[in-house]
Amino acid sequence: MTASGTFGYGEEYAEFMDLGRLGAVVVKGLSLQPREGNPPPRVVETAAGMLNAIGLQNIGIEAFVREKLPFLRQFDTAVIANFFGDSVEEYAAAAERLSSVEGIHGLEMNISCPNKQAGWCIFGTDPRVTFQVVSAVRKATTLPLIVKLSPNVTDITIMARAAEDAGADALSLINTLTGMAIDIRTRKPRLGNVTGGLSGPAIKPVAVKMVYEASRAVGIPVIGMGGIMNGDDAAEFLIAGASAVAVGTASFVRPTAAVEILDGIIAYMEREKIEDIRSLTGTVDGGK
Ligand SMILES: Cc1cc2nc3c(=O)[nH]c(=O)nc-3n(C[C@H](O)[C@H](O)[C@H](O)COP(=O)(O)O)c2cc1C
């Protein structure tokens with residue numbers, strides 16, 4: 001799968017690959033109303049990764065349905081709409097609207113966003129709020145519902161269970177880790193928003209550990225992501241406990257990364273004589 005926010009609305013990458021080869025295209029996070037996002041600079045390169053503070057810029061659900069979805073529907077791939085809201089009601093309304101449209105196969109709710117009703121704290125860092133917002137969305141949709149967890153928590157298993165208890169069909173993790181970079185000459189933050197989200201190979205060990213822990217804590221499938229750059233990285237997430245993987249920052253380095261990683265997974269399977277990829281999930285030898 002592609003990771004939300006790193007693959008546009010799919011069409012931006014269509015000239016680089018056959019989108020039909022992908023398991024799913026997960027589109028940039030959508031909200032009921034369009035958003036302009038944060039002031040620039042919005043991305044900074046870091047050691048083995050990048051910081052971003054895009055601020056959830058998007059064209060809004062209606063424009064997505066009208067202008068982007070028809071293109072994506074031509075391909076033999078699942079379309080997953082990533083979405084978010086400022087309040088529980090907005091999440092539910094967004095899910096309801098996306099569910100009324102032909103051609104969306106599943107929803108991924110991003111709960112790493114601030115809750116207007118609770119002093120802008122992040123939905124996904126409190127298990128009760130996670131339960132509340134996922135429950136509301138669950139009532140609003142019959143589509144497969146993926147809950148994308150925030151890694152900026154003390155214990156990922158508590159959030160994973162809260163999302164499962166509220167009716168999630170699958171979990172995806174990890175979203176970006178919060179970070180900051182400063183220009184030591186001007187002493188100004190390098191991001192217009194001051195802080196941002198760290199992604200790329202720098203976060204991979206954190207992501208692998210969280211996928212390992214979360215997948216053992218729940219009975220629903222886990223989609224693993226965080227710094228996957230090649231097929232071997234993807235295999236590591238599957239062994240840790242993921243049932244599927246998503247490619248994010250790698251697509252900025254090489255626009256063809258998603259299909260190259262797919263080929264890399266196949267090469268790994270041939271090398272290791274694995275016939276069914278599903279047999280790999282959660283097979284850490286000597287885990288505790
Ligand atoms: C520029 C950028 C924008 C992102 N936008 C979203 C988003 O809109 N919704 C979301 O759930 N995750 C978003 N993410 C998080 C990614 O989908 C992914 O979870 C994270 O980057 C870790 O994977 P990676 O290291 O392979 O990039 C974004 C990441 C980046 C780098």
# chains A, B, ... in the order shown; residues from 1 in each chain; ligands from 1

$ residues_near_ligand --ligand "ligand 1" --cutoff "8 Å" --atoms "only C-alpha atoms and all ligand atoms" --output "number ranges by chain"
A: 2-6, 27-30, 43, 49-54, 56-57, 82-84, 108-112, 148, 173-176, 197-204, 225-229, 246-250

$ select_by_dssp --residues "region 73-120 of chain A" --states "strand (DSSP E or B)" --output "list in words"
Ala78, Val79, Ile80, Ala81, Asn82, Phe83, Gly106, Leu107, Glu108, Met109, Asn110, Pro114 and Asn115 of chain A

$ write_last_selection --atoms "all heavy atoms" --output "short mmCIF file (atom, residue, chain, number, x, y, z; two decimals), in the first residue's frame"
data_model
loop_
_atom_site.label_atom_id
_atom_site.label_comp_id
_atom_site.auth_asym_id
_atom_site.auth_seq_id
_atom_site.Cartn_x
_atom_site.Cartn_y
_atom_site.Cartn_z
N ALA A 78 -7.27 -1.25 -4.73
CA ALA A 78 -8.21 -0.73 -3.72
C ALA A 78 -7.91 0.75 -3.47
O ALA A 78 -6.75 1.16 -3.42
CB ALA A 78 -8.07 -1.52 -2.42
N VAL A 79 -8.96 1.52 -3.33
CA VAL A 79 -8.80 2.94 -3.00
C VAL A 79 -9.19 3.10 -1.53
O VAL A 79 -10.31 2.79 -1.13
CB VAL A 79 -9.71 3.82 -3.88
CG1 VAL A 79 -9.60 5.29 -3.46
CG2 VAL A 79 -9.36 3.65 -5.35
N ILE A 80 -8.23 3.56 -0.74
CA ILE A 80 -8.48 3.79 0.68
C ILE A 80 -8.45 5.30 0.92
O ILE A 80 -7.46 5.96 0.61
CB ILE A 80 -7.41 3.12 1.57
CG1 ILE A 80 -7.16 1.68 1.15
CG2 ILE A 80 -7.74 3.28 3.05
CD1 ILE A 80 -7.91 0.64 1.85
N ALA A 81 -9.53 5.81 1.47
CA ALA A 81 -9.60 7.24 1.76
C ALA A 81 -9.15 7.48 3.19
O ALA A 81 -9.81 7.05 4.14
CB ALA A 81 -11.01 7.76 1.54
N ASN A 82 -8.02 8.15 3.34
CA ASN A 82 -7.55 8.57 4.66
C ASN A 82 -8.29 9.87 5.00
O ASN A 82 -8.48 10.72 4.13
CB ASN A 82 -6.03 8.79 4.61
CG ASN A 82 -5.44 9.22 5.94
OD1 ASN A 82 -5.68 10.34 6.42
ND2 ASN A 82 -4.66 8.36 6.54
N PHE A 83 -8.75 10.00 6.22
CA PHE A 83 -9.51 11.21 6.57
C PHE A 83 -9.31 11.58 8.04
O PHE A 83 -8.79 10.79 8.83
CB PHE A 83 -11.01 11.01 6.26
CG PHE A 83 -11.68 10.08 7.22
CD1 PHE A 83 -12.45 10.58 8.28
CD2 PHE A 83 -11.55 8.71 7.10
CE1 PHE A 83 -13.07 9.73 9.19
CE2 PHE A 83 -12.16 7.85 8.01
CZ PHE A 83 -12.91 8.35 9.04
N GLY A 106 -12.23 1.33 1.29
CA GLY A 106 -12.01 1.31 2.72
C GLY A 106 -11.66 2.70 3.22
O GLY A 106 -11.31 3.59 2.43
N LEU A 107 -11.77 2.87 4.53
CA LEU A 107 -11.44 4.16 5.14
C LEU A 107 -10.27 3.96 6.11
O LEU A 107 -10.20 2.94 6.81
CB LEU A 107 -12.63 4.71 5.92
CG LEU A 107 -13.93 4.94 5.15
CD1 LEU A 107 -14.99 5.52 6.08
CD2 LEU A 107 -13.70 5.85 3.95
N GLU A 108 -9.39 4.94 6.12
CA GLU A 108 -8.33 4.95 7.13
C GLU A 108 -8.47 6.25 7.91
O GLU A 108 -8.35 7.33 7.32
CB GLU A 108 -6.94 4.87 6.48
CG GLU A 108 -5.82 4.89 7.52
CD GLU A 108 -4.44 4.80 6.91
OE1 GLU A 108 -4.05 5.73 6.15
OE2 GLU A 108 -3.73 3.83 7.17
N MET A 109 -8.76 6.14 9.21
CA MET A 109 -8.91 7.38 9.99
C MET A 109 -7.62 7.73 10.70
O MET A 109 -7.01 6.91 11.39
CB MET A 109 -10.11 7.33 10.94
CG MET A 109 -10.10 6.25 11.98
SD MET A 109 -11.67 6.20 12.91
CE MET A 109 -11.61 7.72 13.86
N ASN A 110 -7.18 8.97 10.46
CA ASN A 110 -5.95 9.48 11.05
C ASN A 110 -6.33 10.11 12.38
O ASN A 110 -6.99 11.15 12.40
CB ASN A 110 -5.33 10.49 10.09
CG ASN A 110 -4.13 11.20 10.67
OD1 ASN A 110 -3.64 10.83 11.74
ND2 ASN A 110 -3.64 12.21 9.98
N PRO A 114 -5.40 17.17 16.23
CA PRO A 114 -5.88 17.83 17.44
C PRO A 114 -7.40 17.88 17.54
O PRO A 114 -8.09 18.07 16.54
CB PRO A 114 -5.31 19.24 17.32
CG PRO A 114 -4.43 19.27 16.14
CD PRO A 114 -4.78 18.12 15.29
N ASN A 115 -7.89 17.72 18.76
CA ASN A 115 -9.32 17.69 19.06
C ASN A 115 -9.74 19.08 19.55
O ASN A 115 -9.36 19.52 20.63
CB ASN A 115 -9.54 16.64 20.17
CG ASN A 115 -10.98 16.51 20.59
OD1 ASN A 115 -11.84 17.25 20.15
ND2 ASN A 115 -11.23 15.54 21.45
#

$ atom_distance --atom1 "CA of Thr141 (chain A)" --atom2 "CA of Gly241 (chain A)"
26.7 Å

$ residues_around --residues "Met210 (chain A)" --least-positions-apart "5" --cutoff "9 Å" --atoms "only C-alpha atoms" --output "PyMOL selection string"
chain A and resi 151+155-157+173-174+205+215+240

$ atom_distance --atom1 "CA of Arg185 (chain A)" --atom2 "CA of Val253 (chain A)"
27.6 Å

$ closest_residue --among "A:Ile184, A:Ile266, A:Ala234, A:Ala217" --to "Glu164 (chain A)" --atoms "only C-alpha atoms"
A:Ala217

$ select_by_dssp --residues "region 27-152 of chain A" --states "alpha helix (DSSP H)" --output "ChimeraX atom specification"
/A:61-63,69-72,88-99,127-140

$ closest_residue --among "A:Asp233, A:Asp276, A:Glu12, A:Asp263" --to "Ser251 (chain A)" --atoms "only C-alpha atoms"
A:Glu12

$ closest_atom_pairs --of "region 72-171 of chain A" --to "region 218-222 of chain A" --cutoff "8 Å" --atoms "only C-alpha atoms" --output "tab-separated table"
residue	atom	partner	partner_atom	distance
A:Ala160	CA	A:Val218	CA	6.8
A:Arg161	CA	A:Val218	CA	6.1
A:Glu164	CA	A:Val218	CA	6.9
A:Ala168	CA	A:Ile220	CA	7.9
A:Asp169	CA	A:Ile220	CA	6.2
A:Ala170	CA	A:Pro221	CA	5.0
A:Leu171	CA	A:Val222	CA	4.8

$ write_last_selection --atoms "N, CA and C atoms" --output "PDB file, in the first residue's frame"
ATOM      1  N   ALA A 160      -4.041   0.591  20.726  1.00  0.00           N
ATOM      2  CA  ALA A 160      -4.421  -0.477  19.782  1.00  0.00           C
ATOM      3  C   ALA A 160      -5.685  -1.183  20.277  1.00  0.00           C
ATOM      4  N   ARG A 161      -5.730  -1.483  21.555  1.00  0.00           N
ATOM      5  CA  ARG A 161      -6.904  -2.176  22.119  1.00  0.00           C
ATOM      6  C   ARG A 161      -8.128  -1.275  22.126  1.00  0.00           C
ATOM      7  N   GLU A 164      -9.498  -1.290  18.662  1.00  0.00           N
ATOM      8  CA  GLU A 164     -10.136  -2.589  18.370  1.00  0.00           C
ATOM      9  C   GLU A 164     -11.484  -2.703  19.101  1.00  0.00           C
ATOM     10  N   ALA A 168     -12.691  -1.138  15.162  1.00  0.00           N
ATOM     11  CA  ALA A 168     -11.776  -1.063  14.012  1.00  0.00           C
ATOM     12  C   ALA A 168     -11.646  -2.440  13.371  1.00  0.00           C
ATOM     13  N   ASP A 169     -11.539  -2.468  12.028  1.00  0.00           N
ATOM     14  CA  ASP A 169     -11.315  -3.730  11.318  1.00  0.00           C
ATOM     15  C   ASP A 169      -9.826  -4.027  11.183  1.00  0.00           C
ATOM     16  N   ALA A 170      -9.017  -2.973  11.225  1.00  0.00           N
ATOM     17  CA  ALA A 170      -7.560  -3.125  11.111  1.00  0.00           C
ATOM     18  C   ALA A 170      -6.908  -1.896  11.726  1.00  0.00           C
ATOM     19  N   LEU A 171      -5.623  -2.022  12.030  1.00  0.00           N
ATOM     20  CA  LEU A 171      -4.857  -0.877  12.531  1.00  0.00           C
ATOM     21  C   LEU A 171      -3.744  -0.593  11.541  1.00  0.00           C
TER      22      LEU A 171
END

$ residues_around --residues "Pro40 (chain A)" --least-positions-apart "3" --cutoff "8 Å" --atoms "only C-alpha atoms" --output "PyMOL selection string"
chain A and resi 43+191-193

$ closest_residue --among "A:Ile182, A:Cys121, A:Ala24, A:Ala214" --to "Met159 (chain A)" --atoms "only C-alpha atoms"
A:Ala214

$ closest_residue --among "A:Asp285, A:Asp183, A:Glu45, A:Glu236" --to "Lys209 (chain A)" --atoms "only C-alpha atoms"
A:Glu236

$ closest_residue --among "A:Gly119, A:Gly167, A:Pro39, A:Gly231" --to "Val259 (chain A)" --atoms "only C-alpha atoms"
A:Gly231

$ atom_distance --atom1 "CA of Val206 (chain A)" --atom2 "CA of Leu19 (chain A)"
29.1 Å

$ decode --residues "region 124-167 of chain A" --atoms "C-alpha atoms" --output "compact mmCIF listing (two decimals), in the first residue's frame"
# COMPACT_ATOMS: atom_id res chain seq x y z
CA GLY A 124 -4.95 9.26 19.41
CA THR A 125 -2.95 9.90 22.57
CA ASP A 126 -5.84 9.19 24.96
CA PRO A 127 -7.46 5.73 24.96
CA ARG A 128 -10.91 7.05 26.00
CA VAL A 129 -10.92 9.66 23.24
CA THR A 130 -9.63 7.06 20.78
CA PHE A 131 -12.49 4.76 21.77
CA GLN A 132 -15.02 7.59 21.49
CA VAL A 133 -13.98 8.82 18.05
CA VAL A 134 -13.54 5.33 16.57
CA SER A 135 -16.96 4.27 17.95
CA ALA A 136 -18.61 7.29 16.32
CA VAL A 137 -16.98 6.54 12.96
CA ARG A 138 -17.83 2.85 13.26
CA LYS A 139 -21.52 3.77 13.52
CA ALA A 140 -21.19 6.01 10.46
CA THR A 141 -19.71 3.47 8.04
CA THR A 142 -19.97 -0.14 6.95
CA LEU A 143 -16.76 0.11 4.89
CA PRO A 144 -13.63 -1.64 6.20
CA LEU A 145 -12.27 0.73 8.84
CA ILE A 146 -8.54 1.09 9.43
CA VAL A 147 -7.48 3.16 12.45
CA LYS A 148 -4.08 4.79 12.02
CA LEU A 149 -2.40 5.05 15.39
CA SER A 150 -0.14 7.81 16.64
CA PRO A 151 3.27 6.58 17.87
CA ASN A 152 3.58 9.58 20.20
CA VAL A 153 2.32 7.62 23.19
CA THR A 154 3.83 5.77 26.12
CA ASP A 155 2.19 2.40 25.41
CA ILE A 156 0.94 1.66 21.89
CA THR A 157 -0.92 -1.49 23.02
CA ILE A 158 -3.42 0.59 25.03
CA MET A 159 -4.36 2.65 21.95
CA ALA A 160 -4.42 -0.48 19.78
CA ARG A 161 -6.90 -2.18 22.12
CA ALA A 162 -9.05 0.95 22.43
CA ALA A 163 -9.37 1.12 18.63
CA GLU A 164 -10.14 -2.59 18.37
CA ASP A 165 -12.74 -2.41 21.16
CA ALA A 166 -14.43 0.48 19.35
CA GLY A 167 -14.86 -1.61 16.19
